[in-house]
Amino acid sequence: MASSFKNLFSKKAKGIGVELAADRVNIAQIRKQGQGFKLVSFASAPLPEGAFQEGQIMDSVGVAEIIQELLAENKIKVKRVATAVPGGRDTVTRIIPIPAELNDQELREMVLNQEASLYLPFPREEADVDYQKLGLFVDEDGIEKFQVLLVATRKEVTDSYVQTFQQAGLDIDVLEIASFSLIRTIREQLRQFSPQEAVALVDIEFENTEISITVDGVPQFSRTVPIGTYLIQSSLSRAMNLPPSRSTELLQSMTIPVTPGETTMGSPGRMGGVNPGAAAMLRALGELADELRRSIDFYLNQGENLEVAQLLLAGPGASIGQLDEFFTQRLALPCSQVDPIATLGLNVEGQDLVDATRSGLGVVLGLGMREA
């Protein structure tokens, strides 16, 4: 692996997928079963506060120990893993045009040593960069060009992942951006849309939400906003005078009122509009909806004949009851929740998976599919 993204687009491997999130470690081992796939092993454990923050591993020894313990407790014996860096300030994905006349060596030289520095918010020498050549197109001047997907992250982030997994006795086969893993999980769902239809993939994680607008399964625009399940639940807890907690179980039990008549507490998990906790939570979700609108408008303003056809909700936050209906009404766009297990047609017999957590498995299952 060294300290680069050199295996970002490779297809080799027989290991496991390991997702490091701000609040927990998820592990998935997937194997082919006939024409489909089976989830052989799934394990998850919380991370202590401060171990992982803003996409960076802050306590590599502690995180490595938790990974080792999870593998041992679940009798998973592997040496290689696929893992992912969350989107954020230390990662970059861009679609860039490159002249089609270049040979592979010239293309590599131009992308890695010339073009990359134009798109990075940090010095080129501090970045690990990889790329994937996509399809041909003809620009407005009639010149044939390739679309190239450029991916980069800070070296210090890449190095911290390599170091942490080495301390856990594991080698990294693949290190990619988390949104790529999620896209791999739902690629069959994305194929339902035409090349003229973009899909806004909204991954609501613990610390933040990553917004990826994709066309034909390729991210055209990505943005991370600092609104996640922790902030939403903290708003709810403060309004209800509850002690702070890193557990978001309370949030997952809630159902958002989406019709004017729902203004009282109808059931233990249903919130009313006059309830202080509900009002605080809805304000946070309203801010997230506003950020989604800004991101979609920015994308649509980049060119002609662009259309966002659907919002797809993923991540732990997608399990909030009626959140899809809330965004549908707020943004006037069709919105639905992603079920990664159903989308993959994954056999999960023998695995203890709670329905409320299924939407949060998109990244780790996508990593596991790299290794299947």
# chains A, B, ... in the order shown; residues from 1 in each chain; ligands from 1
>>> residues_around(residues="Asp355 in chain A", least_positions_apart="2", cutoff="12 Å", atoms="only C-alpha atoms", output="CSV table (one decimal) with all heavy atoms, in the first residue's frame")
chain,number,residue,atom,x,y,z
A,252,GLN,N,-33.0,7.5,16.7
A,252,GLN,CA,-33.5,6.5,15.8
A,252,GLN,C,-34.9,6.1,16.1
A,252,GLN,O,-35.6,5.4,15.3
A,252,GLN,CB,-32.6,5.3,15.8
A,252,GLN,CG,-31.2,5.6,15.2
A,252,GLN,CD,-30.2,4.5,15.3
A,252,GLN,OE1,-30.4,3.6,16.2
A,252,GLN,NE2,-29.1,4.6,14.5
A,253,SER,N,-35.4,6.4,17.4
A,253,SER,CA,-36.7,6.0,17.8
A,253,SER,C,-37.8,7.0,17.4
A,253,SER,O,-39.0,6.8,17.6
A,253,SER,CB,-36.8,5.7,19.3
A,253,SER,OG,-36.7,6.9,20.0
A,316,PRO,N,-26.6,6.4,9.3
A,316,PRO,CA,-27.4,6.2,10.5
A,316,PRO,C,-28.5,7.2,10.6
A,316,PRO,O,-29.6,6.8,11.1
A,316,PRO,CB,-26.4,6.5,11.6
A,316,PRO,CG,-25.0,6.2,11.0
A,316,PRO,CD,-25.1,6.6,9.6
A,318,ALA,N,-30.5,8.3,8.4
A,318,ALA,CA,-31.6,8.0,7.5
A,318,ALA,C,-32.7,7.1,8.1
A,318,ALA,O,-33.8,7.0,7.6
A,318,ALA,CB,-31.0,7.2,6.2
A,319,SER,N,-32.4,6.6,9.3
A,319,SER,CA,-33.3,5.7,10.0
A,319,SER,C,-34.4,6.5,10.8
A,319,SER,O,-35.3,6.0,11.3
A,319,SER,CB,-32.6,4.8,10.9
A,319,SER,OG,-31.9,5.5,12.0
A,320,ILE,N,-34.2,7.8,10.8
A,320,ILE,CA,-35.2,8.7,11.5
A,320,ILE,C,-36.5,8.5,10.8
A,320,ILE,O,-36.6,8.7,9.6
A,320,ILE,CB,-34.8,10.1,11.6
A,320,ILE,CG1,-33.4,10.3,12.3
A,320,ILE,CG2,-35.8,11.0,12.2
A,320,ILE,CD1,-32.8,11.7,12.2
A,339,ASP,N,-31.9,1.0,1.7
A,339,ASP,CA,-31.7,-0.2,2.5
A,339,ASP,C,-30.6,-1.0,1.8
A,339,ASP,O,-30.8,-1.7,0.8
A,339,ASP,CB,-33.0,-1.0,2.5
A,339,ASP,CG,-32.9,-2.3,3.4
A,339,ASP,OD1,-31.7,-2.7,3.6
A,339,ASP,OD2,-33.9,-2.8,3.8
A,340,PRO,N,-29.3,-0.8,2.3
A,340,PRO,CA,-28.2,-1.5,1.6
A,340,PRO,C,-28.3,-3.0,1.5
A,340,PRO,O,-27.9,-3.5,0.5
A,340,PRO,CB,-27.0,-1.1,2.6
A,340,PRO,CG,-27.5,0.1,3.3
A,340,PRO,CD,-28.9,-0.1,3.5
A,341,ILE,N,-28.9,-3.6,2.5
A,341,ILE,CA,-29.0,-5.1,2.4
A,341,ILE,C,-30.0,-5.5,1.3
A,341,ILE,O,-29.7,-6.4,0.5
A,341,ILE,CB,-29.5,-5.6,3.8
A,341,ILE,CG1,-28.4,-5.4,4.8
A,341,ILE,CG2,-29.8,-7.1,3.7
A,341,ILE,CD1,-28.8,-5.7,6.3
A,342,ALA,N,-31.1,-4.9,1.3
A,342,ALA,CA,-32.1,-5.2,0.2
A,342,ALA,C,-31.5,-4.8,-1.2
A,342,ALA,O,-31.7,-5.6,-2.1
A,342,ALA,CB,-33.4,-4.4,0.5
A,351,GLN,N,-27.0,-13.4,11.0
A,351,GLN,CA,-26.5,-12.2,11.5
A,351,GLN,C,-27.5,-11.4,12.3
A,351,GLN,O,-28.7,-11.3,11.8
A,351,GLN,CB,-25.9,-11.3,10.4
A,351,GLN,CG,-24.9,-12.0,9.5
A,351,GLN,CD,-23.6,-12.4,10.4
A,351,GLN,OE1,-23.2,-11.6,11.2
A,351,GLN,NE2,-23.1,-13.6,10.1
A,352,ASP,N,-27.2,-10.9,13.4
A,352,ASP,CA,-28.1,-10.2,14.3
A,352,ASP,C,-28.0,-8.7,13.9
A,352,ASP,O,-27.2,-7.9,14.4
A,352,ASP,CB,-27.7,-10.4,15.7
A,352,ASP,CG,-28.7,-9.7,16.7
A,352,ASP,OD1,-29.9,-9.4,16.2
A,352,ASP,OD2,-28.4,-9.5,17.9
A,353,LEU,N,-28.9,-8.3,13.0
A,353,LEU,CA,-28.9,-6.9,12.5
A,353,LEU,C,-30.3,-6.3,12.9
A,353,LEU,O,-31.3,-6.8,12.5
A,353,LEU,CB,-28.7,-6.8,11.0
A,353,LEU,CG,-27.4,-7.4,10.4
A,353,LEU,CD1,-27.4,-7.4,8.9
A,353,LEU,CD2,-26.3,-6.5,11.0
A,357,THR,N,-30.7,0.0,12.2
A,357,THR,CA,-29.3,0.3,11.8
A,357,THR,C,-28.9,0.0,10.4
A,357,THR,O,-27.8,0.3,10.0
A,357,THR,CB,-28.3,-0.5,12.8
A,357,THR,OG1,-28.5,-1.9,12.5
A,357,THR,CG2,-28.6,-0.2,14.2
A,358,ARG,N,-29.9,-0.6,9.7
A,358,ARG,CA,-29.6,-1.1,8.3
A,358,ARG,C,-29.1,0.0,7.4
A,358,ARG,O,-28.2,-0.1,6.6
A,358,ARG,CB,-30.8,-1.8,7.7
A,358,ARG,CG,-31.0,-3.2,8.3
A,358,ARG,CD,-32.4,-3.7,8.0
A,358,ARG,NE,-32.5,-4.1,6.6
A,358,ARG,CZ,-32.6,-5.4,6.1
A,358,ARG,NH1,-32.7,-6.3,7.0
A,358,ARG,NH2,-32.8,-5.6,4.9
A,359,SER,N,-29.8,1.2,7.5
A,359,SER,CA,-29.4,2.3,6.6
A,359,SER,C,-28.0,2.8,6.8
A,359,SER,O,-27.4,3.4,5.9
A,359,SER,CB,-30.4,3.4,6.8
A,359,SER,OG,-30.3,4.0,8.1
A,360,GLY,N,-27.4,2.5,8.0
A,360,GLY,CA,-26.1,3.0,8.3
A,360,GLY,C,-25.0,2.0,7.8
A,360,GLY,O,-23.8,2.2,8.1
A,361,LEU,N,-25.3,0.9,7.1
A,361,LEU,CA,-24.4,-0.1,6.7
A,361,LEU,C,-23.9,0.1,5.3
A,361,LEU,O,-23.1,-0.8,4.8
A,361,LEU,CB,-25.0,-1.5,6.9
A,361,LEU,CG,-25.5,-1.8,8.3
A,361,LEU,CD1,-26.0,-3.2,8.3
A,361,LEU,CD2,-24.4,-1.6,9.4
>>> select_by_dssp(residues="range 98-257 of chain A", states="strand (DSSP E or B)", output="ChimeraX atom specification")
/A:98-99,127-138,144-154,171-177,198-204,209-215,218-225,255
>>> residues_around(residues="Phe298 in chain A", least_positions_apart="4", cutoff="12 Å", atoms="only C-alpha atoms", output="PyMOL selection string")
chain A and resi 213+220-223+291-294+302-303+306-308
>>> write_last_selection(atoms="all heavy atoms", output="short mmCIF file (atom, residue, chain, number, x, y, z; two decimals), in the first residue's frame")
data_model
loop_
_atom_site.label_atom_id
_atom_site.label_comp_id
_atom_site.auth_asym_id
_atom_site.auth_seq_id
_atom_site.Cartn_x
_atom_site.Cartn_y
_atom_site.Cartn_z
N ILE A 213 -23.54 14.23 -5.47
CA ILE A 213 -24.44 14.21 -6.61
C ILE A 213 -23.79 13.38 -7.71
O ILE A 213 -22.68 13.69 -8.16
CB ILE A 213 -24.76 15.64 -7.09
CG1 ILE A 213 -25.45 16.41 -5.97
CG2 ILE A 213 -25.64 15.61 -8.34
CD1 ILE A 213 -25.84 17.83 -6.30
N GLN A 220 -20.24 13.64 -9.37
CA GLN A 220 -19.94 14.86 -10.10
C GLN A 220 -19.65 16.04 -9.17
O GLN A 220 -18.99 17.00 -9.55
CB GLN A 220 -21.13 15.22 -10.99
CG GLN A 220 -21.60 14.11 -11.91
CD GLN A 220 -20.61 13.80 -13.00
OE1 GLN A 220 -20.05 14.71 -13.62
NE2 GLN A 220 -20.36 12.52 -13.25
N PHE A 221 -20.20 15.95 -7.97
CA PHE A 221 -20.06 17.04 -7.01
C PHE A 221 -20.19 16.45 -5.61
O PHE A 221 -21.07 15.62 -5.36
CB PHE A 221 -21.15 18.09 -7.24
CG PHE A 221 -21.30 19.10 -6.13
CD1 PHE A 221 -20.44 20.17 -6.04
CD2 PHE A 221 -22.29 18.96 -5.17
CE1 PHE A 221 -20.57 21.10 -5.01
CE2 PHE A 221 -22.43 19.88 -4.13
CZ PHE A 221 -21.57 20.95 -4.06
N SER A 222 -19.31 16.86 -4.71
CA SER A 222 -19.36 16.37 -3.32
C SER A 222 -19.17 17.53 -2.37
O SER A 222 -18.38 18.44 -2.63
CB SER A 222 -18.28 15.31 -3.07
OG SER A 222 -18.48 14.17 -3.88
N ARG A 223 -19.88 17.46 -1.26
CA ARG A 223 -19.77 18.50 -0.25
C ARG A 223 -20.10 17.89 1.12
O ARG A 223 -21.00 17.06 1.22
CB ARG A 223 -20.74 19.64 -0.55
CG ARG A 223 -20.73 20.78 0.46
CD ARG A 223 -21.55 21.95 -0.03
NE ARG A 223 -21.62 23.00 1.01
CZ ARG A 223 -22.75 23.38 1.59
NH1 ARG A 223 -23.91 22.85 1.23
NH2 ARG A 223 -22.72 24.32 2.51
N GLU A 291 -29.03 23.26 3.49
CA GLU A 291 -27.71 22.95 2.92
C GLU A 291 -27.85 22.04 1.69
O GLU A 291 -27.10 22.19 0.71
CB GLU A 291 -26.82 22.29 3.97
CG GLU A 291 -26.47 23.18 5.15
CD GLU A 291 -25.56 24.34 4.76
OE1 GLU A 291 -25.02 24.34 3.63
OE2 GLU A 291 -25.40 25.25 5.59
N LEU A 292 -28.79 21.12 1.74
CA LEU A 292 -29.04 20.27 0.57
C LEU A 292 -29.50 21.12 -0.61
O LEU A 292 -29.05 20.92 -1.75
CB LEU A 292 -30.10 19.22 0.90
CG LEU A 292 -29.69 18.09 1.84
CD1 LEU A 292 -30.90 17.21 2.15
CD2 LEU A 292 -28.59 17.26 1.24
N ARG A 293 -30.41 22.05 -0.36
CA ARG A 293 -30.89 22.92 -1.42
C ARG A 293 -29.75 23.73 -2.02
O ARG A 293 -29.63 23.85 -3.25
CB ARG A 293 -32.00 23.83 -0.88
CG ARG A 293 -32.45 24.94 -1.82
CD ARG A 293 -32.79 24.42 -3.21
NE ARG A 293 -33.94 23.51 -3.17
CZ ARG A 293 -34.26 22.73 -4.19
NH1 ARG A 293 -33.51 22.70 -5.30
NH2 ARG A 293 -35.31 21.94 -4.11
N ARG A 294 -28.88 24.29 -1.18
CA ARG A 294 -27.75 25.06 -1.70
C ARG A 294 -26.83 24.20 -2.56
O ARG A 294 -26.35 24.65 -3.61
CB ARG A 294 -26.95 25.66 -0.53
CG ARG A 294 -27.69 26.73 0.25
CD ARG A 294 -26.77 27.39 1.27
NE ARG A 294 -27.54 28.27 2.15
CZ ARG A 294 -27.90 27.98 3.39
NH1 ARG A 294 -27.57 26.80 3.91
NH2 ARG A 294 -28.59 28.83 4.12
N GLN A 302 -24.08 24.74 -12.74
CA GLN A 302 -22.81 24.48 -13.43
C GLN A 302 -22.97 24.22 -14.92
O GLN A 302 -21.99 24.24 -15.66
CB GLN A 302 -22.09 23.28 -12.77
CG GLN A 302 -21.77 23.48 -11.31
CD GLN A 302 -21.07 24.79 -11.03
OE1 GLN A 302 -19.97 25.02 -11.52
NE2 GLN A 302 -21.71 25.65 -10.25
N GLY A 303 -24.18 23.92 -15.37
CA GLY A 303 -24.34 23.62 -16.80
C GLY A 303 -25.79 23.51 -17.20
O GLY A 303 -26.71 23.64 -16.37
N LEU A 306 -29.30 19.93 -16.88
CA LEU A 306 -29.04 19.14 -15.68
C LEU A 306 -30.32 19.02 -14.87
O LEU A 306 -31.08 19.97 -14.74
CB LEU A 306 -27.94 19.78 -14.83
CG LEU A 306 -26.57 19.93 -15.50
CD1 LEU A 306 -25.61 20.66 -14.57
CD2 LEU A 306 -25.99 18.58 -15.87
N GLU A 307 -30.52 17.85 -14.28
CA GLU A 307 -31.71 17.60 -13.49
C GLU A 307 -31.36 16.66 -12.34
O GLU A 307 -30.70 15.63 -12.55
CB GLU A 307 -32.81 16.95 -14.34
CG GLU A 307 -34.04 16.54 -13.55
CD GLU A 307 -34.98 15.64 -14.35
OE1 GLU A 307 -34.66 15.31 -15.50
OE2 GLU A 307 -36.02 15.26 -13.78
N VAL A 308 -31.76 17.02 -11.13
CA VAL A 308 -31.64 16.11 -10.00
C VAL A 308 -32.98 15.41 -9.84
O VAL A 308 -33.99 16.04 -9.52
CB VAL A 308 -31.25 16.85 -8.71
CG1 VAL A 308 -31.27 15.90 -7.52
CG2 VAL A 308 -29.87 17.47 -8.86
#
>>> residues_around(residues="range 184-190 of chain A", least_positions_apart="4", cutoff="10 Å", atoms="only C-alpha atoms", output="PyMOL selection string")
chain A and resi 179-180+194+197-199+201+214-218+310+312+338-344+361-370
>>> closest_residue(among="A:Val157, A:Ala289, A:Leu150, A:Leu250", to="Gln53 in chain A", atoms="only C-alpha atoms")
A:Val157
